[in-house]
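The data block below is my_file.cif; it holds mmCIF, C-alpha atoms.
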```
data_start
loop_
_atom_site.label_atom_id
_atom_site.label_comp_id
_atom_site.auth_asym_id
_atom_site.auth_seq_id
_atom_site.Cartn_x
_atom_site.Cartn_y
_atom_site.Cartn_z
CA MET I 291 113.74 64.78 67.80
CA TRP I 292 110.67 63.55 69.69
CA THR I 293 112.82 62.24 72.54
CA SER I 294 114.45 65.64 73.10
CA TRP I 295 111.05 67.34 73.02
CA TRP I 296 109.59 65.41 75.92
CA LEU I 297 112.80 65.71 77.91
CA TRP I 298 112.59 69.51 78.09
CA PRO I 299 110.00 69.59 80.91
CA LEU I 300 112.15 67.20 82.94
CA VAL I 301 115.20 69.41 82.39
CA ALA I 302 113.21 72.46 83.53
CA ILE I 303 112.05 70.66 86.67
CA CYS I 304 115.57 69.51 87.50
CA THR I 305 116.91 73.04 86.97
CA ALA I 306 114.21 74.51 89.21
CA ASP I 307 115.07 71.95 91.90
CA GLN I 308 118.72 72.89 91.56
CA PHE I 309 118.03 76.60 92.20
CA ARG I 310 115.72 75.79 95.10
CA ASP I 311 118.31 73.48 96.65
CA GLN I 312 120.96 76.16 96.24
CA ALA I 313 118.67 78.74 97.83
CA GLU I 314 118.12 76.54 100.88
CA ARG I 315 121.84 75.89 101.21
CA ILE I 316 122.58 79.63 101.21
CA MET I 317 119.76 80.39 103.63
CA GLN I 318 120.93 77.78 106.12
CA GLY I 319 124.03 79.91 106.60
CA THR I 320 122.42 83.31 106.01
CA PRO I 321 118.73 83.28 106.93
CA VAL I 322 116.51 86.16 105.88
CA ILE I 323 116.07 89.25 108.02
CA ASP I 324 112.70 90.67 107.00
CA GLY I 325 112.12 94.37 107.56
CA HIS I 326 108.41 94.41 108.33
CA ASN I 327 105.83 91.92 109.59
CA ASP I 328 102.46 92.85 111.08
CA LEU I 329 101.69 89.67 113.02
CA PRO I 330 101.40 91.72 116.27
CA TRP I 331 98.59 93.71 114.67
CA GLN I 332 96.78 90.50 113.75
CA LEU I 333 97.19 89.26 117.31
CA LEU I 334 95.52 92.44 118.54
CA LYS I 335 92.67 92.29 116.05
CA MET I 336 91.97 88.58 116.42
CA PHE I 337 92.71 87.91 120.09
CA ASN I 338 93.15 91.31 121.79
CA ASN I 339 96.79 90.31 122.35
CA GLN I 340 95.82 87.36 124.57
CA LEU I 341 98.53 84.91 123.59
CA ARG I 342 97.29 82.22 125.97
CA ASP I 343 94.05 81.98 124.02
CA GLU I 344 94.32 78.50 122.48
CA ARG I 345 93.31 79.95 119.10
CA ALA I 346 96.36 82.24 119.23
CA ASN I 347 98.83 79.35 119.39
CA LEU I 348 101.60 80.42 117.00
CA THR I 349 102.43 76.80 116.21
CA THR I 350 98.97 76.04 114.85
CA LEU I 351 97.60 79.46 113.88
CA ALA I 352 96.53 78.98 110.25
CA SER I 353 94.66 82.14 109.25
CA THR I 354 97.71 84.41 109.09
CA HIS I 355 100.65 84.71 106.72
CA THR I 356 102.93 84.02 109.68
CA ASN I 357 103.25 81.19 112.17
CA ILE I 358 106.17 79.24 113.61
CA PRO I 359 106.21 76.36 111.08
CA LYS I 360 106.00 78.84 108.19
CA LEU I 361 108.85 80.92 109.62
CA LYS I 362 111.03 77.82 109.88
CA ALA I 363 110.15 76.69 106.35
CA GLY I 364 110.98 80.17 105.08
CA PHE I 365 114.40 80.25 106.79
CA VAL I 366 113.47 83.46 108.62
CA GLY I 367 116.29 84.23 111.03
CA GLY I 368 115.50 87.84 111.87
CA GLN I 369 112.24 89.76 111.95
CA PHE I 370 111.38 93.36 112.63
CA TRP I 371 107.93 92.99 114.16
CA SER I 372 105.78 96.03 113.55
CA ALA I 373 104.44 97.88 116.57
CA TYR I 374 101.71 99.51 114.50
CA VAL I 375 98.77 101.58 115.69
CA PRO I 376 96.42 103.29 113.20
CA CYS I 377 96.42 106.99 112.43
CA ASP I 378 93.10 107.47 114.23
CA THR I 379 94.98 107.00 117.51
CA GLN I 380 96.98 110.20 116.85
CA ASN I 381 96.30 112.83 119.53
CA LYS I 382 94.43 110.16 121.50
CA ASP I 383 95.86 106.89 122.83
CA ALA I 384 98.69 106.26 120.35
CA VAL I 385 101.39 105.96 123.00
CA ARG I 386 99.44 103.50 125.13
CA ARG I 387 98.50 101.42 122.09
CA THR I 388 102.12 101.38 120.93
CA LEU I 389 103.29 100.19 124.33
CA GLU I 390 100.79 97.34 124.14
CA GLN I 391 102.10 96.27 120.72
CA ILE I 392 105.71 96.35 121.92
CA ASP I 393 104.60 94.31 124.93
CA VAL I 394 103.06 91.59 122.76
CA VAL I 395 106.37 91.19 120.90
CA HIS I 396 108.18 90.74 124.22
CA ARG I 397 105.58 88.20 125.31
CA MET I 398 106.00 86.26 122.05
CA CYS I 399 109.67 85.85 122.94
CA GLN I 400 108.77 84.84 126.48
CA MET I 401 106.10 82.34 125.43
CA TYR I 402 108.09 80.70 122.63
CA PRO I 403 111.74 80.94 123.74
CA GLU I 404 112.75 77.99 121.60
CA THR I 405 111.71 79.96 118.48
CA PHE I 406 112.01 83.68 119.25
CA VAL I 407 114.66 85.70 121.05
CA CYS I 408 114.16 89.42 121.51
CA VAL I 409 117.32 91.32 120.60
CA THR I 410 118.22 94.99 120.29
CA ASN I 411 121.47 95.05 118.34
CA SER I 412 123.33 93.54 115.41
CA THR I 413 125.36 91.30 117.70
CA GLY I 414 122.11 89.82 119.03
CA ILE I 415 120.97 89.04 115.50
CA ARG I 416 124.17 87.19 114.70
CA ARG I 417 123.93 85.25 117.98
CA ALA I 418 120.34 84.27 117.16
CA PHE I 419 121.50 82.97 113.78
CA GLN I 420 123.98 80.70 115.55
CA GLU I 421 121.29 79.50 117.97
CA GLY I 422 118.79 78.78 115.20
CA ARG I 423 116.22 81.16 116.64
CA VAL I 424 114.37 84.11 115.10
CA ALA I 425 116.00 87.35 116.20
CA SER I 426 112.99 89.48 117.08
CA LEU I 427 113.23 93.26 116.94
CA VAL I 428 110.70 96.06 117.28
CA GLY I 429 109.98 98.55 114.53
CA VAL I 430 107.48 101.26 115.45
CA GLU I 431 105.39 102.09 112.38
CA GLY I 432 104.38 105.71 112.47
CA GLY I 433 105.78 108.86 114.05
CA HIS I 434 102.41 109.54 115.68
CA SER I 435 103.40 106.80 118.14
CA ILE I 436 105.81 109.17 119.90
CA ASP I 437 103.12 111.87 120.23
CA SER I 438 105.65 114.56 119.23
CA SER I 439 107.69 113.85 122.35
CA LEU I 440 111.45 113.31 122.46
CA ALA I 441 111.02 111.74 125.89
CA VAL I 442 108.61 109.17 124.46
CA LEU I 443 111.07 108.51 121.63
CA ARG I 444 113.78 107.76 124.19
CA ALA I 445 111.45 105.61 126.28
CA LEU I 446 110.51 103.50 123.25
CA TYR I 447 114.20 103.05 122.47
CA HIS I 448 114.73 101.71 125.99
CA LEU I 449 111.84 99.29 125.42
CA GLY I 450 113.55 97.90 122.33
CA MET I 451 112.44 100.03 119.38
CA ARG I 452 115.21 99.94 116.78
CA TYR I 453 113.50 101.66 113.90
CA LEU I 454 110.83 104.32 113.71
CA THR I 455 108.82 104.88 110.54
CA LEU I 456 108.56 108.67 110.49
CA THR I 457 104.91 108.65 109.38
CA HIS I 458 102.23 106.16 108.56
CA SER I 459 99.51 107.25 106.12
CA CYS I 460 98.97 110.55 107.91
CA ASN I 461 101.06 113.61 108.63
CA THR I 462 102.52 114.09 112.05
CA PRO I 463 102.96 117.66 113.33
CA TRP I 464 106.60 117.39 112.19
CA ALA I 465 106.75 115.16 109.07
CA ASP I 466 104.72 114.72 105.86
CA ASN I 467 103.40 111.39 104.64
CA TRP I 468 103.12 109.88 101.14
CA LEU I 469 99.51 111.03 100.64
CA VAL I 470 100.90 114.56 100.26
CA ASP I 471 102.36 113.40 96.94
CA THR I 472 98.95 112.20 95.73
CA GLY I 473 97.23 115.45 96.74
CA GLU I 474 95.03 113.68 99.28
CA ASP I 475 96.82 115.38 102.19
CA LYS I 476 98.28 118.88 102.37
CA ALA I 477 101.95 119.39 103.11
CA GLN I 478 102.41 120.73 106.63
CA SER I 479 106.15 120.46 107.16
CA GLN I 480 107.45 120.57 103.57
CA GLY I 481 109.18 117.34 104.43
CA LEU I 482 110.49 117.81 107.94
CA SER I 483 109.82 120.69 110.31
CA LEU I 484 112.52 122.02 112.62
CA PHE I 485 111.21 119.71 115.31
CA GLY I 486 111.23 116.84 112.81
CA GLN I 487 114.91 117.51 112.21
CA THR I 488 115.44 117.35 115.96
CA VAL I 489 113.67 113.97 116.06
CA LEU I 490 116.09 112.65 113.44
CA LYS I 491 119.10 113.96 115.31
CA GLU I 492 117.90 112.25 118.47
CA MET I 493 117.33 109.00 116.57
CA ASN I 494 120.91 109.19 115.29
CA ARG I 495 122.15 109.84 118.83
CA LEU I 496 120.22 106.91 120.27
CA GLY I 497 120.92 104.42 117.47
CA VAL I 498 117.38 104.09 116.10
CA MET I 499 117.17 103.41 112.38
CA ILE I 500 115.23 106.01 110.40
CA ASP I 501 112.54 104.30 108.32
CA LEU I 502 111.22 106.22 105.31
CA ALA I 503 108.47 103.84 104.22
CA HIS I 504 105.18 105.81 104.10
CA VAL I 505 106.73 109.29 103.95
CA SER I 506 106.53 111.91 101.19
CA VAL I 507 109.33 112.36 98.68
CA ALA I 508 110.26 115.67 100.33
CA THR I 509 110.54 113.88 103.68
CA MET I 510 112.66 111.14 102.09
CA LYS I 511 115.10 113.67 100.67
CA ALA I 512 115.27 115.75 103.84
CA ALA I 513 115.98 112.70 106.00
CA LEU I 514 118.58 111.27 103.62
CA GLU I 515 120.36 114.62 103.62
CA LEU I 516 120.20 115.16 107.38
CA SER I 517 120.90 111.73 108.83
CA LYS I 518 124.46 110.96 109.91
CA ALA I 519 123.82 107.24 109.39
CA PRO I 520 122.24 105.20 106.59
CA VAL I 521 118.44 104.93 106.61
CA ILE I 522 116.04 102.20 105.57
CA PHE I 523 112.79 101.82 103.70
CA SER I 524 111.46 98.88 105.70
CA HIS I 525 108.75 97.92 103.20
CA SER I 526 108.75 99.86 99.91
CA SER I 527 109.34 99.00 96.25
CA ALA I 528 110.50 100.74 93.05
CA TYR I 529 108.35 103.60 91.74
CA SER I 530 109.60 103.18 88.17
CA LEU I 531 108.10 99.67 88.02
CA CYS I 532 104.87 100.56 89.82
CA ALA I 533 103.99 104.24 89.99
CA HIS I 534 102.50 104.14 93.47
CA ARG I 535 103.53 106.92 95.84
CA ARG I 536 104.41 104.40 98.54
CA ASN I 537 107.33 103.36 96.34
CA VAL I 538 110.79 104.90 95.96
CA PRO I 539 111.52 107.06 92.87
CA ASP I 540 114.79 106.89 90.96
CA ASP I 541 116.24 110.18 92.21
CA VAL I 542 115.75 108.97 95.78
CA LEU I 543 117.31 105.60 94.87
CA GLN I 544 120.38 107.57 93.82
CA LEU I 545 120.47 109.13 97.31
CA VAL I 546 120.06 105.67 98.79
CA LYS I 547 123.15 104.62 96.86
CA GLN I 548 125.15 107.68 97.91
CA THR I 549 124.33 107.25 101.59
CA GLY I 550 124.69 103.47 101.82
CA SER I 551 121.02 103.15 102.71
CA LEU I 552 118.63 100.25 102.12
CA VAL I 553 115.29 99.55 100.38
CA MET I 554 113.55 96.42 101.65
CA VAL I 555 111.12 95.39 98.92
CA ASN I 556 107.42 95.20 99.79
CA PHE I 557 105.33 92.25 98.54
CA TYR I 558 101.92 93.98 98.54
CA ASN I 559 100.35 93.47 95.11
CA ASP I 560 99.30 97.11 94.80
CA TYR I 561 102.92 98.26 95.28
CA VAL I 562 104.41 95.47 93.15
CA ALA I 563 102.13 95.52 90.10
CA CYS I 564 99.85 98.52 90.71
CA GLN I 565 96.88 96.15 90.46
CA ARG I 566 95.14 93.48 92.50
CA GLU I 567 97.11 90.55 91.07
CA ALA I 568 100.87 90.07 91.14
CA ASN I 569 103.37 87.23 91.09
CA LEU I 570 106.74 86.27 92.49
CA SER I 571 108.55 87.17 89.27
CA GLN I 572 107.33 90.76 89.53
CA VAL I 573 108.73 91.04 93.06
CA ALA I 574 112.04 89.79 91.67
CA ASP I 575 111.78 92.54 89.05
CA HIS I 576 111.72 95.15 91.84
CA LEU I 577 114.73 93.56 93.51
CA ASP I 578 116.54 93.54 90.16
CA TYR I 579 115.64 97.15 89.47
CA ILE I 580 116.80 98.50 92.82
CA LYS I 581 120.00 96.46 92.54
CA ASN I 582 120.69 97.92 89.10
CA VAL I 583 119.96 101.53 90.10
CA ALA I 584 121.22 101.72 93.69
CA GLY I 585 123.56 98.74 93.89
CA ALA I 586 123.34 95.22 95.25
CA GLU I 587 124.12 96.48 98.75
CA ALA I 588 120.96 98.64 98.71
CA VAL I 589 118.33 95.90 98.51
CA GLY I 590 116.57 93.69 101.06
CA PHE I 591 113.26 92.00 101.86
CA GLY I 592 110.36 93.77 103.60
CA GLY I 593 107.42 91.50 102.86
CA ASP I 594 104.72 93.34 104.86
CA TYR I 595 103.15 89.98 105.64
CA ASP I 596 100.02 90.14 107.79
CA GLY I 597 99.79 93.86 107.10
CA VAL I 598 98.32 93.58 103.60
CA SER I 599 95.29 91.89 102.10
CA ARG I 600 96.85 90.72 98.83
CA VAL I 601 100.22 89.07 98.25
CA PRO I 602 101.70 87.72 95.01
CA SER I 603 101.13 84.21 93.74
CA GLY I 604 104.18 82.22 94.72
CA LEU I 605 104.69 84.34 97.85
CA GLU I 606 101.55 83.40 99.75
CA ASP I 607 103.16 83.44 103.20
CA VAL I 608 106.51 83.65 105.00
CA SER I 609 107.43 80.09 104.05
CA LYS I 610 108.01 81.17 100.44
CA TYR I 611 111.23 83.20 100.77
CA PRO I 612 113.35 80.32 99.38
CA ASP I 613 111.31 80.39 96.17
CA LEU I 614 112.10 84.09 95.74
CA VAL I 615 115.78 83.45 96.38
CA ALA I 616 115.70 80.62 93.82
CA GLU I 617 114.28 83.08 91.28
CA LEU I 618 117.12 85.53 91.97
CA LEU I 619 119.63 82.72 91.47
CA ARG I 620 117.91 81.89 88.21
CA ARG I 621 118.50 85.54 87.25
CA GLN I 622 122.21 85.05 87.91
CA TRP I 623 122.51 86.93 91.16
CA THR I 624 125.77 85.96 92.81
CA GLU I 625 125.83 84.18 96.14
CA ALA I 626 127.31 87.31 97.76
CA GLU I 627 124.47 89.45 96.34
CA ILE I 628 121.92 86.94 97.65
CA ARG I 629 123.46 86.94 101.13
CA GLY I 630 123.44 90.72 101.05
CA ALA I 631 119.73 90.90 100.25
CA LEU I 632 118.92 88.24 102.82
CA ALA I 633 120.74 89.74 105.80
CA ASP I 634 124.15 91.29 105.24
CA ASN I 635 122.87 94.59 103.84
CA LEU I 636 120.58 95.14 106.81
CA LEU I 637 123.32 94.17 109.24
CA ARG I 638 125.69 96.65 107.57
CA VAL I 639 123.15 99.47 107.93
CA PHE I 640 122.29 98.50 111.51
CA GLU I 641 125.96 98.41 112.48
CA ALA I 642 126.54 101.83 110.87
CA VAL I 643 123.59 103.23 112.86
CA GLU I 644 125.03 101.74 116.04
CA GLU I 645 128.45 103.18 115.28
CA ALA I 646 127.00 106.66 114.65
CA SER I 647 125.09 106.65 117.95
CA ASP I 648 126.54 108.46 120.94
CA HIS I 649 124.88 108.04 124.31
CA THR I 650 127.45 110.32 125.91
CA GLN I 651 126.09 113.21 123.87
CA THR I 652 123.55 115.46 125.57
CA PRO I 653 119.99 114.43 124.59
CA GLU I 654 117.89 116.79 122.52
CA GLU I 655 115.47 118.71 124.78
CA GLU I 656 113.74 121.46 122.79
CA PRO I 657 110.01 120.55 122.76
CA ILE I 658 107.72 120.95 119.80
CA PRO I 659 105.96 124.35 119.84
CA LEU I 660 102.62 124.10 121.58
CA ASP I 661 100.75 125.62 118.66
CA LYS I 662 101.81 122.67 116.48
CA LEU I 663 99.86 120.23 118.62
CA GLU I 664 96.19 119.38 118.50
CA PRO I 665 94.58 120.81 121.64
CA SER I 666 92.12 117.97 122.28
CA CYS I 667 92.87 115.68 125.21
CA ARG I 668 96.07 117.52 126.10
CA THR I 669 97.25 119.29 129.20
CA LYS I 670 99.82 122.06 128.82
CA TYR I 671 102.19 121.51 131.74
CA GLY I 672 105.69 122.75 131.03
CA TYR I 673 104.83 125.20 128.27
CA SER I 674 105.33 128.88 129.09
CA GLN I 675 101.80 129.63 127.90
CA ALA I 676 100.39 127.26 130.49
CA PRO I 677 99.81 128.90 133.87
CA SER I 678 101.17 126.88 136.75
CA LEU I 679 99.22 126.26 139.92
CA HIS I 680 101.42 128.84 141.69
CA ARG I 681 100.63 131.48 139.07
CA GLN I 682 96.92 130.65 139.23
CA LEU I 683 96.92 131.06 143.01
CA GLY I 684 98.85 134.33 142.68
CA ALA I 685 96.32 135.70 140.24
CA LEU I 686 93.49 134.62 142.53
CA LEU I 687 95.06 136.33 145.56
CA ALA I 688 95.65 139.51 143.55
CA SER I 689 91.99 139.52 142.54
CA LEU I 690 90.89 139.02 146.13
CA ALA I 691 93.17 141.87 147.28
CA LEU I 692 91.41 144.22 144.90
CA LEU I 693 87.95 143.18 146.06
CA PRO I 694 87.73 145.54 149.13
CA LEU I 695 88.76 148.48 146.95
CA GLY I 696 86.03 147.62 144.50
CA LEU I 697 83.47 147.45 147.29
CA CYS I 698 84.53 150.89 148.55
CA LEU I 699 83.92 152.35 145.16
CA LEU I 700 80.34 151.10 145.01
#
```
Could you write out this structure as structure tokens?
Amino acid sequence: MWTSWWLWPLVAICTADQFRDQAERIMQGTPVIDGHNDLPWQLLKMFNNQLRDERANLTTLASTHTNIPKLKAGFVGGQFWSAYVPCDTQNKDAVRRTLEQIDVVHRMCQMYPETFVCVTNSTGIRRAFQEGRVASLVGVEGGHSIDSSLAVLRALYHLGMRYLTLTHSCNTPWADNWLVDTGEDKAQSQGLSLFGQTVLKEMNRLGVMIDLAHVSVATMKAALELSKAPVIFSHSSAYSLCAHRRNVPDDVLQLVKQTGSLVMVNFYNDYVACQREANLSQVADHLDYIKNVAGAEAVGFGGDYDGVSRVPSGLEDVSKYPDLVAELLRRQWTEAEIRGALADNLLRVFEAVEEASDHTQTPEEEPIPLDKLEPSCRTKYGYSQAPSLHRQLGALLASLALLPLGLCLL
């Protein structure tokens, strides 16, 4: 009796080690592709994107959730790095700031080629897995980064952007954000405006994944209905477990299931537990819930590391993914379900987006109406309301021609 009592802790430890060992074995063959990491934003805030600053060394950087040793310990094989610029750049320098954040991702790959390789397609991700490097992709977080321009959207695609989050925590002139659902912002587009629909069509044509993290429920539903390819939520969790408007409600999860789309679970405490404290088990609850409602093929990881101030105990940084996988194994997820959540589900969506793209199709050209744009800091070239230099000179000459007649009448 007493002997069996004191053996129980040893049995528990051995079982835990077994799940952890199994997790590492699976992840050696199928490393995690994480949907959202804000290390580039930290590099801007801390070092103004100066990677040669000795304090910015990604091998020794200790004050962030992410560095090279932690990525290796966490079996991270693919990462969508966030090219994020805040909402206060909208109608100002959002495009320039976004270019700078894309540039820092490219320079990470250049500076640490043994660790990172910048890729732009699913084939590149699979090749990086084989090479043992982190496939590094760009996700642009916030539609304000394209400044309501289809040309900018296309240019960012050519620079490597492979998903665009339609809004951050602010409306764009063509899409509504999640704060509309809290009443803090007013709906402007009732989901997506006509121009917003054009943006989605162009993203489908190009092969840019549509990311619905941060958008309103109306925007979620409009995009899921309109898109010809599956969409993603790069860092969102389940609303039924934590009633935060950044999370995905059940009726939308049903649409995710119907469209073969993907929810990559966010680790931010406020979205996991709706309070300041959370733990690894609660993150696993969200993964379980989405799997049960939308299917095992609809779930992935979108940790939001280095973009949030509070992460769950047990998931303190990017090295902890194997512990989360071990918990899913403990909950009797199959190996195929684990591999799906780690990478295969994202690869399936990415490949479907690539297949739906068509670069032979004529690009969308209709610009957003001028009256939908903020007037500050904008010129109006190209809009019919904007007088050209020729028209201005013509009006001036006409006025001068009338001047002698006016003098005669004096």
The PyMOL selection byres ((chain I and resi 521) around 6) on the file shown: which residues, as a ChimeraX atom specification?
/I:500,520,522,551
Using all atoms listed in the file - which residues lie no farther than 10 Å from the point (104.6, 102.0, 114.0) in the file's frame? Write them as a PDB file with C-alpha atoms, in the coordinates of the input.
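Below is the file that was written, point_21.pdb:
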```
ATOM      1  CA  ASP I 328     102.460  92.850 111.080  1.00  0.00           C
ATOM      2  CA  TRP I 371     107.930  92.990 114.160  1.00  0.00           C
ATOM      3  CA  SER I 372     105.780  96.030 113.550  1.00  0.00           C
ATOM      4  CA  ALA I 373     104.440  97.880 116.570  1.00  0.00           C
ATOM      5  CA  TYR I 374     101.710  99.510 114.500  1.00  0.00           C
ATOM      6  CA  VAL I 375      98.770 101.580 115.690  1.00  0.00           C
ATOM      7  CA  PRO I 376      96.420 103.290 113.200  1.00  0.00           C
ATOM      8  CA  CYS I 377      96.420 106.990 112.430  1.00  0.00           C
ATOM      9  CA  ALA I 384      98.690 106.260 120.350  1.00  0.00           C
ATOM     10  CA  THR I 388     102.120 101.380 120.930  1.00  0.00           C
ATOM     11  CA  GLN I 391     102.100  96.270 120.720  1.00  0.00           C
ATOM     12  CA  ILE I 392     105.710  96.350 121.920  1.00  0.00           C
ATOM     13  CA  VAL I 428     110.700  96.060 117.280  1.00  0.00           C
ATOM     14  CA  GLY I 429     109.980  98.550 114.530  1.00  0.00           C
ATOM     15  CA  VAL I 430     107.480 101.260 115.450  1.00  0.00           C
ATOM     16  CA  GLU I 431     105.390 102.090 112.380  1.00  0.00           C
ATOM     17  CA  GLY I 432     104.380 105.710 112.470  1.00  0.00           C
ATOM     18  CA  GLY I 433     105.780 108.860 114.050  1.00  0.00           C
ATOM     19  CA  HIS I 434     102.410 109.540 115.680  1.00  0.00           C
ATOM     20  CA  SER I 435     103.400 106.800 118.140  1.00  0.00           C
ATOM     21  CA  ILE I 436     105.810 109.170 119.900  1.00  0.00           C
ATOM     22  CA  MET I 451     112.440 100.030 119.380  1.00  0.00           C
ATOM     23  CA  TYR I 453     113.500 101.660 113.900  1.00  0.00           C
ATOM     24  CA  LEU I 454     110.830 104.320 113.710  1.00  0.00           C
ATOM     25  CA  THR I 455     108.820 104.880 110.540  1.00  0.00           C
ATOM     26  CA  LEU I 456     108.560 108.670 110.490  1.00  0.00           C
ATOM     27  CA  THR I 457     104.910 108.650 109.380  1.00  0.00           C
ATOM     28  CA  HIS I 458     102.230 106.160 108.560  1.00  0.00           C
TER      29      HIS I 458
END
```
Selection result for the PyMOL selection byres ((chain I and resi 505-517) around 8) on this file, as a PyMOL selection string:
chain I and resi 456-459+465-471+480-482+487+490-491+494+502-504+518-521+535-536+542+545-546+549
Find the residues near segment 618-620 of chain I: any atom within 10 Å, counting only C-alpha atoms, skip ones fewer than 3 places away on the same chain, and give them as an mmCIF file with C-alpha atoms, in the coordinates of the input.
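Result saved to around-v9.cif:
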```cif
data_model
loop_
_atom_site.group_PDB
_atom_site.id
_atom_site.type_symbol
_atom_site.label_atom_id
_atom_site.label_comp_id
_atom_site.auth_asym_id
_atom_site.auth_seq_id
_atom_site.Cartn_x
_atom_site.Cartn_y
_atom_site.Cartn_z
ATOM 1 C CA THR I 305 116.910 73.040 86.970
ATOM 2 C CA ALA I 306 114.210 74.510 89.210
ATOM 3 C CA GLN I 308 118.720 72.890 91.560
ATOM 4 C CA PHE I 309 118.030 76.600 92.200
ATOM 5 C CA ARG I 310 115.720 75.790 95.100
ATOM 6 C CA GLN I 312 120.960 76.160 96.240
ATOM 7 C CA ALA I 313 118.670 78.740 97.830
ATOM 8 C CA SER I 571 108.550 87.170 89.270
ATOM 9 C CA ALA I 574 112.040 89.790 91.670
ATOM 10 C CA ASP I 575 111.780 92.540 89.050
ATOM 11 C CA LEU I 577 114.730 93.560 93.510
ATOM 12 C CA ASP I 578 116.540 93.540 90.160
ATOM 13 C CA PRO I 612 113.350 80.320 99.380
ATOM 14 C CA ASP I 613 111.310 80.390 96.170
ATOM 15 C CA LEU I 614 112.100 84.090 95.740
ATOM 16 C CA VAL I 615 115.780 83.450 96.380
ATOM 17 C CA TRP I 623 122.510 86.930 91.160
ATOM 18 C CA THR I 624 125.770 85.960 92.810
ATOM 19 C CA GLU I 625 125.830 84.180 96.140
ATOM 20 C CA GLU I 627 124.470 89.450 96.340
ATOM 21 C CA ILE I 628 121.920 86.940 97.650
#
```
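Close contacts of Arg444 of chain I, defined as residues with an atom at most 12 Å away when counting only C-alpha atoms, with chain neighbours fewer than 2 positions off set aside, comprise Ile436, Ser438, Ser439, Leu440, Ala441, Val442, Leu446, Tyr447, His448, Leu449, Gly450, Met451, Arg452, Tyr453, Leu454, Val489, Glu492, Met493, Asn494, Arg495, Leu496, Gly497, Val498, His649, Pro653, Glu654 and Glu655 of chain I.
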Going by the chain IDs and residue numbers used in this file, which residues fall under the PyMOL selection byres ((chain I and resi 323-326) around 9)? Write them as a VMD selection string.
chain I and resid 320 to 322 327 to 328 366 to 372 415 424 to 425 429 522 to 525 554 to 556 590 to 595 597 631 to 634 636 to 637
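Restricting the calculation to all atoms listed in the file, the smallest distance between Arg423 of chain I and any of I:Val562, I:Leu531, I:Cys399, I:Ala626 is found for I:Cys399.
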Using Å and a single decimal, report how far atom CA of Val583 of chain I sits from atom CA of Tyr529 of chain I.
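We find that atom CA of Tyr529 of chain I and atom CA of Val583 of chain I lie 11.9 Å from each other.
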Interatomic distance (Å, one decimal) between atom CA of Asn338 of chain I and atom CA of Phe557 of chain I:
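Interatomic distance, atom CA of Asn338 of chain I to atom CA of Phe557 of chain I: 26.3 Å.
Closest approach to Arg638 of chain I among I:Arg600, I:Pro657, I:Arg668, I:Thr413: I:Thr413, based on all atoms listed in the file.
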Select, from I:Tyr671, I:Phe337, I:Tyr611, I:Phe640, the residue with the minimum atom-to-atom distance to Leu570 of chain I, counting all atoms listed in the file.
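That would be I:Tyr611, the residue with the smallest distance to Leu570 of chain I.
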Of I:Glu641, I:Asp475, I:Asp378, I:Glu617, the one sitting nearest Gly550 of chain I when using all atoms listed in the file is I:Glu641
One decimal, Å: what's the distance from atom CA of Val589 of chain I over to atom CA of Val553 of chain I, could you say?
5.1 Å
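Minimum atom-to-atom distance to Pro659 of chain I, evaluated using only C-alpha atoms, belongs to I:Ser483 out of I:Ser483, I:Gln565, I:Asn411, I:Gln548.
If you count all atoms listed in the file and ignore residues fewer than 5 places along the chain from Cys667 of chain I, what sits within 10 Å of it is Asn381, Lys382 and Asp383 of chain I.
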